[in-house]
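Novice: Please find target_31.cif (mmCIF, C-alpha atoms) on the next line:
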data_my_file
loop_
_atom_site.group_PDB
_atom_site.id
_atom_site.type_symbol
_atom_site.label_atom_id
_atom_site.label_comp_id
_atom_site.auth_asym_id
_atom_site.auth_seq_id
_atom_site.Cartn_x
_atom_site.Cartn_y
_atom_site.Cartn_z
ATOM 1 C CA MET A 1 -16.443 21.416 -13.310
ATOM 2 C CA GLU A 2 -16.567 23.905 -10.486
ATOM 3 C CA SER A 3 -16.113 27.620 -10.924
ATOM 4 C CA GLY A 4 -15.256 30.524 -8.719
ATOM 5 C CA ALA A 5 -18.770 31.961 -9.102
ATOM 6 C CA GLY A 6 -20.924 32.136 -6.046
ATOM 7 C CA LYS A 7 -18.071 32.837 -3.615
ATOM 8 C CA THR A 8 -19.232 36.357 -2.831
ATOM 9 C CA GLY A 9 -20.684 35.166 0.457
ATOM 10 C CA GLU A 10 -17.231 34.168 1.662
ATOM 11 C CA ALA A 11 -15.929 37.726 1.286
ATOM 12 C CA ALA A 12 -18.649 38.883 3.652
ATOM 13 C CA THR A 13 -16.911 37.256 6.628
ATOM 14 C CA PRO A 14 -14.682 39.607 8.671
ATOM 15 C CA ILE A 15 -11.384 37.804 8.059
ATOM 16 C CA LEU A 16 -11.969 37.517 4.309
ATOM 17 C CA ARG A 17 -12.965 41.191 4.108
ATOM 18 C CA HIS A 18 -9.582 41.888 5.714
ATOM 19 C CA MET A 19 -7.850 39.628 3.195
ATOM 20 C CA ALA A 20 -9.637 41.257 0.262
ATOM 21 C CA SER A 21 -8.600 44.732 1.439
ATOM 22 C CA ALA A 22 -4.906 43.846 1.202
ATOM 23 C CA ALA A 23 -2.780 44.869 -1.776
ATOM 24 C CA GLN A 24 -3.157 42.784 -4.900
ATOM 25 C CA PRO A 25 -0.620 39.951 -5.299
ATOM 26 C CA ARG A 26 2.209 40.137 -7.771
ATOM 27 C CA GLN A 27 1.174 38.320 -10.902
ATOM 28 C CA GLY A 28 2.917 35.085 -11.820
ATOM 29 C CA GLY A 29 3.770 34.287 -8.203
ATOM 30 C CA ALA A 30 5.555 36.023 -5.391
ATOM 31 C CA LEU A 31 9.050 35.357 -4.099
ATOM 32 C CA PRO A 32 10.470 37.298 -1.155
ATOM 33 C CA GLU A 33 12.623 40.262 -2.069
ATOM 34 C CA GLY A 34 16.229 39.216 -2.473
ATOM 35 C CA ALA A 35 15.318 35.576 -3.107
ATOM 36 C CA ASP A 36 16.762 33.865 -6.146
ATOM 37 C CA GLY A 37 14.491 30.844 -6.040
ATOM 38 C CA ASP A 38 16.947 28.787 -3.996
ATOM 39 C CA GLY A 39 16.726 30.583 -0.680
ATOM 40 C CA VAL A 40 15.249 33.537 1.171
ATOM 41 C CA GLY A 41 17.754 36.337 0.920
ATOM 42 C CA ASP A 42 20.459 34.669 3.026
ATOM 43 C CA GLY A 43 21.185 31.912 0.514
ATOM 44 C CA LEU A 44 19.696 29.139 2.667
ATOM 45 C CA ALA A 45 17.377 26.692 0.980
ATOM 46 C CA ALA A 46 13.729 27.344 1.801
ATOM 47 C CA PRO A 47 10.649 25.221 1.051
ATOM 48 C CA ARG A 48 8.712 26.277 -2.039
ATOM 49 C CA ILE A 49 4.944 26.561 -1.675
ATOM 50 C CA LEU A 50 2.406 26.872 -4.501
ATOM 51 C CA ILE A 51 -0.896 28.641 -3.773
ATOM 52 C CA VAL A 52 -3.789 27.988 -6.159
ATOM 53 C CA GLU A 53 -6.650 30.350 -5.258
ATOM 54 C CA ASP A 54 -8.768 32.700 -7.370
ATOM 55 C CA GLU A 55 -9.537 35.330 -4.692
ATOM 56 C CA PRO A 56 -6.700 37.911 -5.012
ATOM 57 C CA GLY A 57 -7.147 39.146 -1.443
ATOM 58 C CA ILE A 58 -6.781 35.633 -0.025
ATOM 59 C CA VAL A 59 -3.757 34.986 -2.244
ATOM 60 C CA ASP A 60 -2.072 38.120 -0.941
ATOM 61 C CA PHE A 61 -2.959 37.303 2.674
ATOM 62 C CA VAL A 62 -1.596 33.750 2.404
ATOM 63 C CA THR A 63 1.459 34.817 0.388
ATOM 64 C CA ARG A 64 2.464 37.423 2.969
ATOM 65 C CA GLY A 65 1.927 35.003 5.842
ATOM 66 C CA LEU A 66 3.948 32.183 4.297
ATOM 67 C CA GLN A 67 6.744 34.522 3.243
ATOM 68 C CA ALA A 68 6.918 35.903 6.774
ATOM 69 C CA ALA A 69 7.328 32.297 7.965
ATOM 70 C CA GLY A 70 10.337 31.839 5.660
ATOM 71 C CA PHE A 71 8.781 30.050 2.688
ATOM 72 C CA LEU A 72 9.237 30.795 -1.005
ATOM 73 C CA VAL A 73 5.799 31.324 -2.519
ATOM 74 C CA GLN A 74 4.338 31.251 -6.014
ATOM 75 C CA ALA A 75 0.661 31.769 -6.789
ATOM 76 C CA ALA A 76 -1.843 30.938 -9.515
ATOM 77 C CA LEU A 77 -5.217 32.671 -9.763
ATOM 78 C CA ASP A 78 -7.038 30.019 -11.827
ATOM 79 C CA GLY A 79 -7.224 26.261 -12.108
ATOM 80 C CA GLU A 80 -5.488 25.882 -15.463
ATOM 81 C CA GLU A 81 -2.426 27.909 -14.437
ATOM 82 C CA GLY A 82 -2.405 26.201 -11.050
ATOM 83 C CA GLU A 83 -2.385 22.744 -12.628
ATOM 84 C CA ARG A 84 0.386 23.743 -15.055
ATOM 85 C CA LEU A 85 2.611 25.004 -12.247
ATOM 86 C CA ALA A 86 1.833 22.051 -9.981
ATOM 87 C CA LEU A 87 2.738 19.540 -12.684
ATOM 88 C CA ALA A 88 5.897 21.455 -13.617
ATOM 89 C CA GLY A 89 7.239 20.403 -10.221
ATOM 90 C CA GLY A 90 9.689 22.005 -7.856
ATOM 91 C CA PHE A 91 7.228 22.655 -5.032
ATOM 92 C CA ASP A 92 7.475 21.159 -1.567
ATOM 93 C CA ALA A 93 3.774 21.667 -0.801
ATOM 94 C CA ILE A 94 0.615 23.003 -2.440
ATOM 95 C CA VAL A 95 -2.179 25.068 -0.871
ATOM 96 C CA LEU A 96 -5.238 24.492 -3.060
ATOM 97 C CA ASP A 97 -8.707 26.014 -3.188
ATOM 98 C CA LEU A 98 -11.453 23.648 -4.363
ATOM 99 C CA MET A 99 -13.622 26.166 -6.248
ATOM 100 C CA LEU A 100 -11.599 27.509 -9.163
ATOM 101 C CA PRO A 101 -12.262 28.746 -12.701
ATOM 102 C CA GLY A 102 -10.858 26.646 -15.545
ATOM 103 C CA ARG A 103 -10.035 23.504 -13.558
ATOM 104 C CA SER A 104 -11.570 22.523 -10.245
ATOM 105 C CA GLY A 105 -9.451 21.831 -7.204
ATOM 106 C CA LEU A 106 -10.430 18.151 -7.265
ATOM 107 C CA GLN A 107 -9.284 17.861 -10.898
ATOM 108 C CA ILE A 108 -5.943 19.454 -10.023
ATOM 109 C CA LEU A 109 -5.634 17.178 -7.007
ATOM 110 C CA ALA A 110 -6.127 14.103 -9.190
ATOM 111 C CA SER A 111 -3.439 15.306 -11.610
ATOM 112 C CA VAL A 112 -0.952 16.020 -8.817
ATOM 113 C CA ARG A 113 -1.566 12.658 -7.144
ATOM 114 C CA GLY A 114 -0.818 10.925 -10.448
ATOM 115 C CA ALA A 115 2.339 12.907 -11.258
ATOM 116 C CA ALA A 116 3.780 13.747 -7.821
ATOM 117 C CA PRO A 117 2.101 11.633 -5.134
ATOM 118 C CA SER A 118 4.637 12.614 -2.460
ATOM 119 C CA VAL A 119 3.866 16.357 -2.640
ATOM 120 C CA PRO A 120 1.454 17.268 0.182
ATOM 121 C CA VAL A 121 -1.662 19.196 -0.829
ATOM 122 C CA ILE A 122 -3.554 21.202 1.798
ATOM 123 C CA VAL A 123 -7.068 22.094 0.688
ATOM 124 C CA LEU A 124 -8.784 25.405 1.457
ATOM 125 C CA THR A 125 -12.551 25.128 1.359
ATOM 126 C CA ALA A 126 -15.655 27.004 2.405
ATOM 127 C CA ARG A 127 -17.353 23.660 2.926
ATOM 128 C CA GLY A 128 -17.185 22.485 6.514
ATOM 129 C CA GLU A 129 -19.374 19.383 6.328
ATOM 130 C CA ILE A 130 -17.695 16.070 7.162
ATOM 131 C CA GLU A 131 -18.770 14.621 3.797
ATOM 132 C CA ASP A 132 -16.983 17.419 1.935
ATOM 133 C CA ARG A 133 -13.838 16.958 4.011
ATOM 134 C CA VAL A 134 -13.831 13.222 3.319
ATOM 135 C CA VAL A 135 -14.164 13.855 -0.441
ATOM 136 C CA GLY A 136 -11.055 16.051 -0.387
ATOM 137 C CA LEU A 137 -9.068 13.624 1.757
ATOM 138 C CA GLU A 138 -10.115 10.673 -0.376
ATOM 139 C CA ALA A 139 -9.046 12.567 -3.508
ATOM 140 C CA GLY A 140 -5.528 12.793 -2.091
ATOM 141 C CA ALA A 141 -5.359 15.899 0.102
ATOM 142 C CA VAL A 142 -3.299 15.412 3.255
ATOM 143 C CA ASP A 143 -5.104 18.121 5.226
ATOM 144 C CA TYR A 144 -7.747 20.817 4.900
ATOM 145 C CA LEU A 145 -8.671 24.199 6.335
ATOM 146 C CA VAL A 146 -12.189 25.627 6.335
ATOM 147 C CA LYS A 147 -12.532 29.310 5.449
ATOM 148 C CA PRO A 148 -12.192 31.675 7.241
ATOM 149 C CA PHE A 149 -8.954 30.345 8.705
ATOM 150 C CA SER A 150 -6.052 31.482 10.873
ATOM 151 C CA MET A 151 -2.772 32.199 9.080
ATOM 152 C CA ALA A 152 -0.878 30.802 12.065
ATOM 153 C CA GLU A 153 -2.773 27.532 11.719
ATOM 154 C CA LEU A 154 -2.058 27.291 7.986
ATOM 155 C CA VAL A 155 1.673 27.874 8.607
ATOM 156 C CA ALA A 156 1.652 25.223 11.337
ATOM 157 C CA ARG A 157 -0.072 22.696 9.086
ATOM 158 C CA VAL A 158 2.337 23.331 6.199
ATOM 159 C CA ARG A 159 5.274 22.848 8.534
ATOM 160 C CA ALA A 160 3.731 19.671 9.942
ATOM 161 C CA GLN A 161 3.402 18.180 6.448
ATOM 162 C CA LEU A 162 6.980 19.090 5.560
ATOM 163 C CA ARG A 163 8.129 17.368 8.754
ATOM 164 C CA VAL A 164 6.240 14.224 7.743
ATOM 165 C CA ILE A 165 8.083 14.181 4.407
ATOM 166 C CA ALA A 166 11.470 14.819 6.015
ATOM 167 C CA GLU A 167 10.963 12.082 8.569
ATOM 168 C CA ALA A 168 9.658 9.607 5.993
ATOM 169 C CA SER A 169 13.202 9.294 4.673
ATOM 170 C CA SER A 170 14.488 8.422 8.138
ATOM 171 C CA SER A 171 14.911 4.793 9.164
ATOM 172 C CA THR A 172 13.066 5.319 12.449
ATOM 173 C CA LEU A 173 9.711 6.758 13.488
ATOM 174 C CA SER A 174 8.697 7.670 17.015
ATOM 175 C CA GLU A 175 5.868 9.284 18.945
ATOM 176 C CA GLU A 176 5.629 9.571 22.699
ATOM 177 C CA ASP A 177 7.253 6.280 23.818
ATOM 178 C CA ILE A 178 6.617 4.254 20.628
ATOM 179 C CA GLU A 179 9.651 3.576 18.402
ATOM 180 C CA VAL A 180 9.614 1.851 15.005
ATOM 181 C CA ASP A 181 12.710 0.810 13.039
ATOM 182 C CA LEU A 182 11.698 0.739 9.372
ATOM 183 C CA LEU A 183 14.731 -1.313 8.341
ATOM 184 C CA THR A 184 14.482 -4.115 10.895
ATOM 185 C CA ARG A 185 10.690 -3.704 11.298
ATOM 186 C CA LYS A 186 11.109 -3.877 15.071
ATOM 187 C CA VAL A 187 8.688 -2.019 17.336
ATOM 188 C CA ARG A 188 9.277 -0.986 20.946
ATOM 189 C CA ARG A 189 7.178 0.887 23.462
ATOM 190 C CA ALA A 190 8.806 2.263 26.581
ATOM 191 C CA GLY A 191 11.714 -0.092 25.929
ATOM 192 C CA ARG A 192 9.415 -3.137 25.628
ATOM 193 C CA SER A 193 9.540 -5.166 22.387
ATOM 194 C CA VAL A 194 6.140 -5.358 20.652
ATOM 195 C CA PRO A 195 5.740 -8.109 18.013
ATOM 196 C CA LEU A 196 3.328 -7.098 15.243
ATOM 197 C CA SER A 197 1.911 -8.800 12.172
ATOM 198 C CA THR A 198 2.705 -7.302 8.756
ATOM 199 C CA THR A 199 -0.632 -5.488 8.546
ATOM 200 C CA GLU A 200 -0.411 -4.238 12.121
ATOM 201 C CA PHE A 201 3.081 -2.905 11.402
ATOM 202 C CA GLU A 202 1.958 -1.069 8.245
ATOM 203 C CA LEU A 203 -1.007 0.420 10.096
ATOM 204 C CA LEU A 204 1.236 1.661 12.906
ATOM 205 C CA VAL A 205 3.698 3.185 10.432
ATOM 206 C CA PHE A 206 0.838 4.996 8.648
ATOM 207 C CA LEU A 207 -0.475 6.393 11.944
ATOM 208 C CA LEU A 208 3.030 7.451 13.023
ATOM 209 C CA ARG A 209 3.664 9.250 9.746
ATOM 210 C CA HIS A 210 0.444 11.193 10.300
ATOM 211 C CA ARG A 211 0.874 11.579 14.049
ATOM 212 C CA GLY A 212 -1.092 14.339 15.664
ATOM 213 C CA ARG A 213 -3.544 14.419 12.736
ATOM 214 C CA VAL A 214 -6.915 12.779 12.299
ATOM 215 C CA VAL A 215 -6.954 10.243 9.453
ATOM 216 C CA SER A 216 -10.180 8.801 8.097
ATOM 217 C CA ARG A 217 -10.963 5.102 7.863
ATOM 218 C CA GLU A 218 -11.050 5.521 4.065
ATOM 219 C CA GLN A 219 -7.508 6.935 4.041
ATOM 220 C CA ILE A 220 -6.286 4.045 6.167
ATOM 221 C CA LEU A 221 -7.969 1.446 3.954
ATOM 222 C CA SER A 222 -6.474 2.930 0.803
ATOM 223 C CA SER A 223 -2.943 3.337 2.185
ATOM 224 C CA VAL A 224 -2.551 0.197 4.314
ATOM 225 C CA TRP A 225 -4.639 -2.368 2.446
ATOM 226 C CA GLY A 226 -4.012 -0.865 -0.993
ATOM 227 C CA TYR A 227 -7.485 -1.366 -2.418
ATOM 228 C CA GLU A 228 -11.036 -0.307 -1.790
ATOM 229 C CA HIS A 229 -13.091 -2.209 0.743
ATOM 230 C CA ASP A 230 -16.822 -2.118 1.274
ATOM 231 C CA PRO A 231 -17.320 1.196 3.143
ATOM 232 C CA ALA A 232 -19.251 -0.743 5.751
ATOM 233 C CA THR A 233 -16.273 -2.961 6.615
ATOM 234 C CA ASN A 234 -14.927 -2.757 10.157
ATOM 235 C CA VAL A 235 -11.444 -4.069 9.292
ATOM 236 C CA VAL A 236 -9.786 -0.769 10.280
ATOM 237 C CA ASP A 237 -11.493 -0.755 13.670
ATOM 238 C CA VAL A 238 -10.511 -4.397 14.224
ATOM 239 C CA TYR A 239 -6.823 -3.765 13.492
ATOM 240 C CA VAL A 240 -6.756 -0.562 15.536
ATOM 241 C CA GLY A 241 -8.068 -2.721 18.383
ATOM 242 C CA TYR A 242 -5.225 -5.202 17.822
ATOM 243 C CA LEU A 243 -2.672 -2.365 17.948
ATOM 244 C CA ARG A 244 -4.158 -0.889 21.090
ATOM 245 C CA ARG A 245 -4.013 -4.226 22.893
ATOM 246 C CA LYS A 246 -0.422 -4.954 21.835
ATOM 247 C CA LEU A 247 0.943 -1.461 22.459
ATOM 248 C CA GLY A 248 -1.015 -0.681 25.602
ATOM 249 C CA THR A 249 -0.685 -1.738 29.213
ATOM 250 C CA PRO A 250 -3.133 -1.272 32.114
ATOM 251 C CA GLU A 251 -0.968 1.595 33.355
ATOM 252 C CA SER A 252 -0.343 3.161 29.936
ATOM 253 C CA PRO A 253 -3.007 2.709 27.218
ATOM 254 C CA ALA A 254 -1.874 3.019 23.602
ATOM 255 C CA PRO A 255 -2.047 6.678 22.441
ATOM 256 C CA ILE A 256 -4.426 5.902 19.558
ATOM 257 C CA PHE A 257 -7.569 7.986 19.855
ATOM 258 C CA THR A 258 -10.940 7.608 18.135
ATOM 259 C CA VAL A 259 -12.370 10.767 16.546
ATOM 260 C CA ARG A 260 -16.076 10.130 16.276
ATOM 261 C CA ALA A 261 -17.527 9.962 12.754
ATOM 262 C CA VAL A 262 -14.107 10.709 11.195
ATOM 263 C CA GLY A 263 -11.352 8.224 12.054
ATOM 264 C CA TYR A 264 -8.317 7.948 14.312
ATOM 265 C CA ARG A 265 -5.409 9.987 15.629
ATOM 266 C CA LEU A 266 -2.124 8.744 17.094
ATOM 267 C CA GLY A 267 -0.655 11.103 19.689
ATOM 268 C CA GLY A 268 -1.672 14.633 20.561
ATOM 269 C CA ALA A 269 -3.239 17.005 18.028
ATOM 270 C CA ALA A 270 -0.774 18.956 15.898
#
Taking this structure as input, can you express it in the form of structure tokens?

Specialist:
Amino acid sequence: MESGAGKTGEAATPILRHMASAAQPRQGGALPEGADGDGVGDGLAAPRILIVEDEPGIVDFVTRGLQAAGFLVQAALDGEEGERLALAGGFDAIVLDLMLPGRSGLQILASVRGAAPSVPVIVLTARGEIEDRVVGLEAGAVDYLVKPFSMAELVARVRAQLRVIAEASSSTLSEEDIEVDLLTRKVRRAGRSVPLSTTEFELLVFLLRHRGRVVSREQILSSVWGYEHDPATNVVDVYVGYLRRKLGTPESPAPIFTVRAVGYRLGGAA
């Protein structure tokens, strides 16, 4: 079990000193003034975001930033309260610190993935090593930010994940000049029909639903093949090669990019 101890070093960075100097957050969560839980003042529905973070200054910084972007925000300052709120439901996305008192971020992540697998969880972490990022992604996080971070980037990443969810219910997916019809399972690129095998189709759909983001080979294995492979397997690389050859032409290579030591990205970075 992880705890919040030992995080003093984080507060020494300039941006976190700024966060910590802000006013303390309202206990029990923070909704914008005039909001009734169903909208932000004007009665329009707004996405609900849960923040689970034990540094009050960071909570206030993130709360203010997300509220300014039009989100409804509730916060928990420890792992046990964060897990309770997350499992109670009603949130469109969760922003989760990994080092928490009571329950660690990874424990909360496992609980959320079991109860509400469609809710995106964005991890905040002071750990920037690739191995630490992979652990969070493999545990079920859809994205991560390393502290100190830009509020504008966090807002953009939350919005990107909410777009993925909204578009997942659509019958079509597209990026650049690739179009996929989920009902007929037909694929076209620049108006040209592209026949794909079942596995190639599922891989393309996964990449399209995460377009603009880097996904690890482990994420692809788990989501497309549905079970764990030997980590040394090159099956993902082989099928990405198949997709590139079928989607690409000499004049227009497939927009599937390799991110060294991490995985792949379809399309431009979000």

Novice: Counting only C-alpha atoms, note down every residue that has an atom within 10 Å of the point (8.4, 31.8, 5.7) (file coordinates), as an MDAnalysis selection string.

Specialist: chainID A and resid 32 40 46:49 63:73 155 159

Novice: Could you tell me how far CA of Glu83 in chain A lies from CA of Val59 in chain A, in Å and to one decimal?

Specialist: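 Separating CA of Glu83 in chain A from CA of Val59 in chain A is a distance of 16.1 Å.
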
Novice: Could you pull the residues within 12 Å of Arg185 in chain A, counting all atoms listed in the file, minus those fewer than 5 positions along the same chain, as a PyMOL selection string?

Specialist: chain A and resi 171-173+179-180+193-202+204-205

Novice: Taking only C-alpha atoms into account, name the residue in A:Val112, A:Ala76, A:Leu208, A:Leu203 that is nearest to Leu221 in chain A.

Specialist: A:Leu203

Novice: I'd like to see the residues matched by the PyMOL selection byres ((chain A and resi 164) around 12) on this file, and ideally I'd get them as a ChimeraX atom specification.

Specialist: /A:92-93,118-120,142,157-163,165-170,173-174,205-213,270

Novice: Tell me which protein, DNA and RNA residues are within 12 Å of Leu124 in chain A, counting only C-alpha atoms, leaving out same-chain ones fewer than 4 positions away, and put them as a PyMOL selection string.

Specialist: chain A and resi 51-55+58-59+62+94-100+105-106+128+132-133+136-137+141-151+154+157

Novice: Give me, please, the distance in Å between CA of Ala156 in chain A and CA of Val123 in chain A, quoted to one decimal.

Specialist: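 Atom-to-atom, CA of Ala156 in chain A and CA of Val123 in chain A are spaced 14.1 Å apart.
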
Novice: Under the rule that only C-alpha atoms are counted, which of A:Arg113, A:Lys186, A:Arg103, A:Ile130 is the nearest residue to Arg84 in chain A?

Specialist: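 Nearest to Arg84 in chain A: A:Arg103.
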
Novice: So how many Å separate CA of Pro253 in chain A and CA of Arg265 in chain A, to one decimal?

Specialist: 13.9 Å

Novice: Need the shell around Arg260 in chain A: protein/DNA/RNA residues with any atom at most 12 Å away, counting all atoms listed in the file. Skip same-chain ones fewer than 4 positions apart. Format as an MDAnalysis selection string?

Specialist: chainID A and resid 130 214:217 264:265

Novice: Print the selection's residues with C-alpha atoms to a file, as an mmCIF file, in the coordinates of the input.

Specialist:
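result-v1.cif, freshly written:
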data_model
loop_
_atom_site.group_PDB
_atom_site.id
_atom_site.type_symbol
_atom_site.label_atom_id
_atom_site.label_comp_id
_atom_site.auth_asym_id
_atom_site.auth_seq_id
_atom_site.Cartn_x
_atom_site.Cartn_y
_atom_site.Cartn_z
ATOM 1 C CA ILE A 130 -17.695 16.070 7.162
ATOM 2 C CA VAL A 214 -6.915 12.779 12.299
ATOM 3 C CA VAL A 215 -6.954 10.243 9.453
ATOM 4 C CA SER A 216 -10.180 8.801 8.097
ATOM 5 C CA ARG A 217 -10.963 5.102 7.863
ATOM 6 C CA TYR A 264 -8.317 7.948 14.312
ATOM 7 C CA ARG A 265 -5.409 9.987 15.629
#

Novice: I'd like to know which of A:Ile220, A:Leu77, A:Ala110, A:Ala116 is closest to Asn234 in chain A, using only C-alpha atoms.

Specialist: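 Selected residue with least distance to Asn234 in chain A: A:Ile220.
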
Novice: Of the candidates A:Ala75, A:Leu87, A:Leu266, A:Leu109, which shows the shortest atom-to-atom distance to Glu175 in chain A, using only C-alpha atoms?

Specialist: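 The shortest atom-to-atom distance to Glu175 in chain A comes from A:Leu266.
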
Novice: So which one's closest to Gly248 in chain A, A:Ala86, A:Ile178, A:Ala126, A:Ala139? Using all atoms listed in the file, please.

Specialist: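 Distance minimum relative to Gly248 in chain A lands on A:Ile178.
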
Novice: Starting from the block above, write range 201-245 of chain A out to a file with C-alpha atoms, as a PDB file, in the first residue's frame, please.

Specialist:
ATOM      1  CA  PHE A 201     -10.065  -4.684 -38.212  1.00  0.00           C
ATOM      2  CA  GLU A 202     -10.120  -4.839 -34.394  1.00  0.00           C
ATOM      3  CA  LEU A 203      -6.593  -3.437 -34.229  1.00  0.00           C
ATOM      4  CA  LEU A 204      -7.524  -0.540 -36.513  1.00  0.00           C
ATOM      5  CA  VAL A 205     -10.647   0.224 -34.471  1.00  0.00           C
ATOM      6  CA  PHE A 206      -8.579   0.256 -31.253  1.00  0.00           C
ATOM      7  CA  LEU A 207      -6.032   2.644 -32.788  1.00  0.00           C
ATOM      8  CA  LEU A 208      -8.797   4.896 -34.151  1.00  0.00           C
ATOM      9  CA  ARG A 209     -10.521   5.082 -30.779  1.00  0.00           C
ATOM     10  CA  HIS A 210      -7.224   6.214 -29.263  1.00  0.00           C
ATOM     11  CA  ARG A 211      -6.176   8.370 -32.202  1.00  0.00           C
ATOM     12  CA  GLY A 212      -3.585  10.992 -31.488  1.00  0.00           C
ATOM     13  CA  ARG A 213      -2.429   9.120 -28.367  1.00  0.00           C
ATOM     14  CA  VAL A 214       0.422   6.698 -27.860  1.00  0.00           C
ATOM     15  CA  VAL A 215      -0.771   3.215 -26.872  1.00  0.00           C
ATOM     16  CA  SER A 216       1.608   0.576 -25.567  1.00  0.00           C
ATOM     17  CA  ARG A 217       2.025  -2.883 -27.057  1.00  0.00           C
ATOM     18  CA  GLU A 218       0.688  -4.290 -23.764  1.00  0.00           C
ATOM     19  CA  GLN A 219      -2.508  -2.232 -24.069  1.00  0.00           C
ATOM     20  CA  ILE A 220      -2.999  -3.427 -27.632  1.00  0.00           C
ATOM     21  CA  LEU A 221      -2.437  -7.074 -26.697  1.00  0.00           C
ATOM     22  CA  SER A 222      -4.927  -6.889 -23.845  1.00  0.00           C
ATOM     23  CA  SER A 223      -7.638  -5.048 -25.794  1.00  0.00           C
ATOM     24  CA  VAL A 224      -7.376  -6.658 -29.242  1.00  0.00           C
ATOM     25  CA  TRP A 225      -6.307 -10.215 -28.445  1.00  0.00           C
ATOM     26  CA  GLY A 226      -8.105 -10.358 -25.095  1.00  0.00           C
ATOM     27  CA  TYR A 227      -5.468 -12.285 -23.175  1.00  0.00           C
ATOM     28  CA  GLU A 228      -1.889 -11.955 -22.075  1.00  0.00           C
ATOM     29  CA  HIS A 229       0.858 -12.916 -24.481  1.00  0.00           C
ATOM     30  CA  ASP A 230       4.510 -13.501 -23.750  1.00  0.00           C
ATOM     31  CA  PRO A 231       5.873  -9.932 -23.392  1.00  0.00           C
ATOM     32  CA  ALA A 232       8.533 -10.860 -25.913  1.00  0.00           C
ATOM     33  CA  THR A 233       5.981 -11.635 -28.637  1.00  0.00           C
ATOM     34  CA  ASN A 234       6.096  -9.507 -31.777  1.00  0.00           C
ATOM     35  CA  VAL A 235       2.475 -10.179 -32.796  1.00  0.00           C
ATOM     36  CA  VAL A 236       1.513  -6.503 -32.379  1.00  0.00           C
ATOM     37  CA  ASP A 237       4.377  -5.348 -34.586  1.00  0.00           C
ATOM     38  CA  VAL A 238       3.467  -7.967 -37.204  1.00  0.00           C
ATOM     39  CA  TYR A 239      -0.179  -6.867 -37.387  1.00  0.00           C
ATOM     40  CA  VAL A 240       0.723  -3.175 -37.395  1.00  0.00           C
ATOM     41  CA  GLY A 241       2.888  -4.031 -40.405  1.00  0.00           C
ATOM     42  CA  TYR A 242      -0.094  -5.717 -42.082  1.00  0.00           C
ATOM     43  CA  LEU A 243      -2.237  -2.615 -41.477  1.00  0.00           C
ATOM     44  CA  ARG A 244       0.414  -0.271 -42.797  1.00  0.00           C
ATOM     45  CA  ARG A 245       0.770  -2.259 -46.010  1.00  0.00           C
TER      46      ARG A 245
END
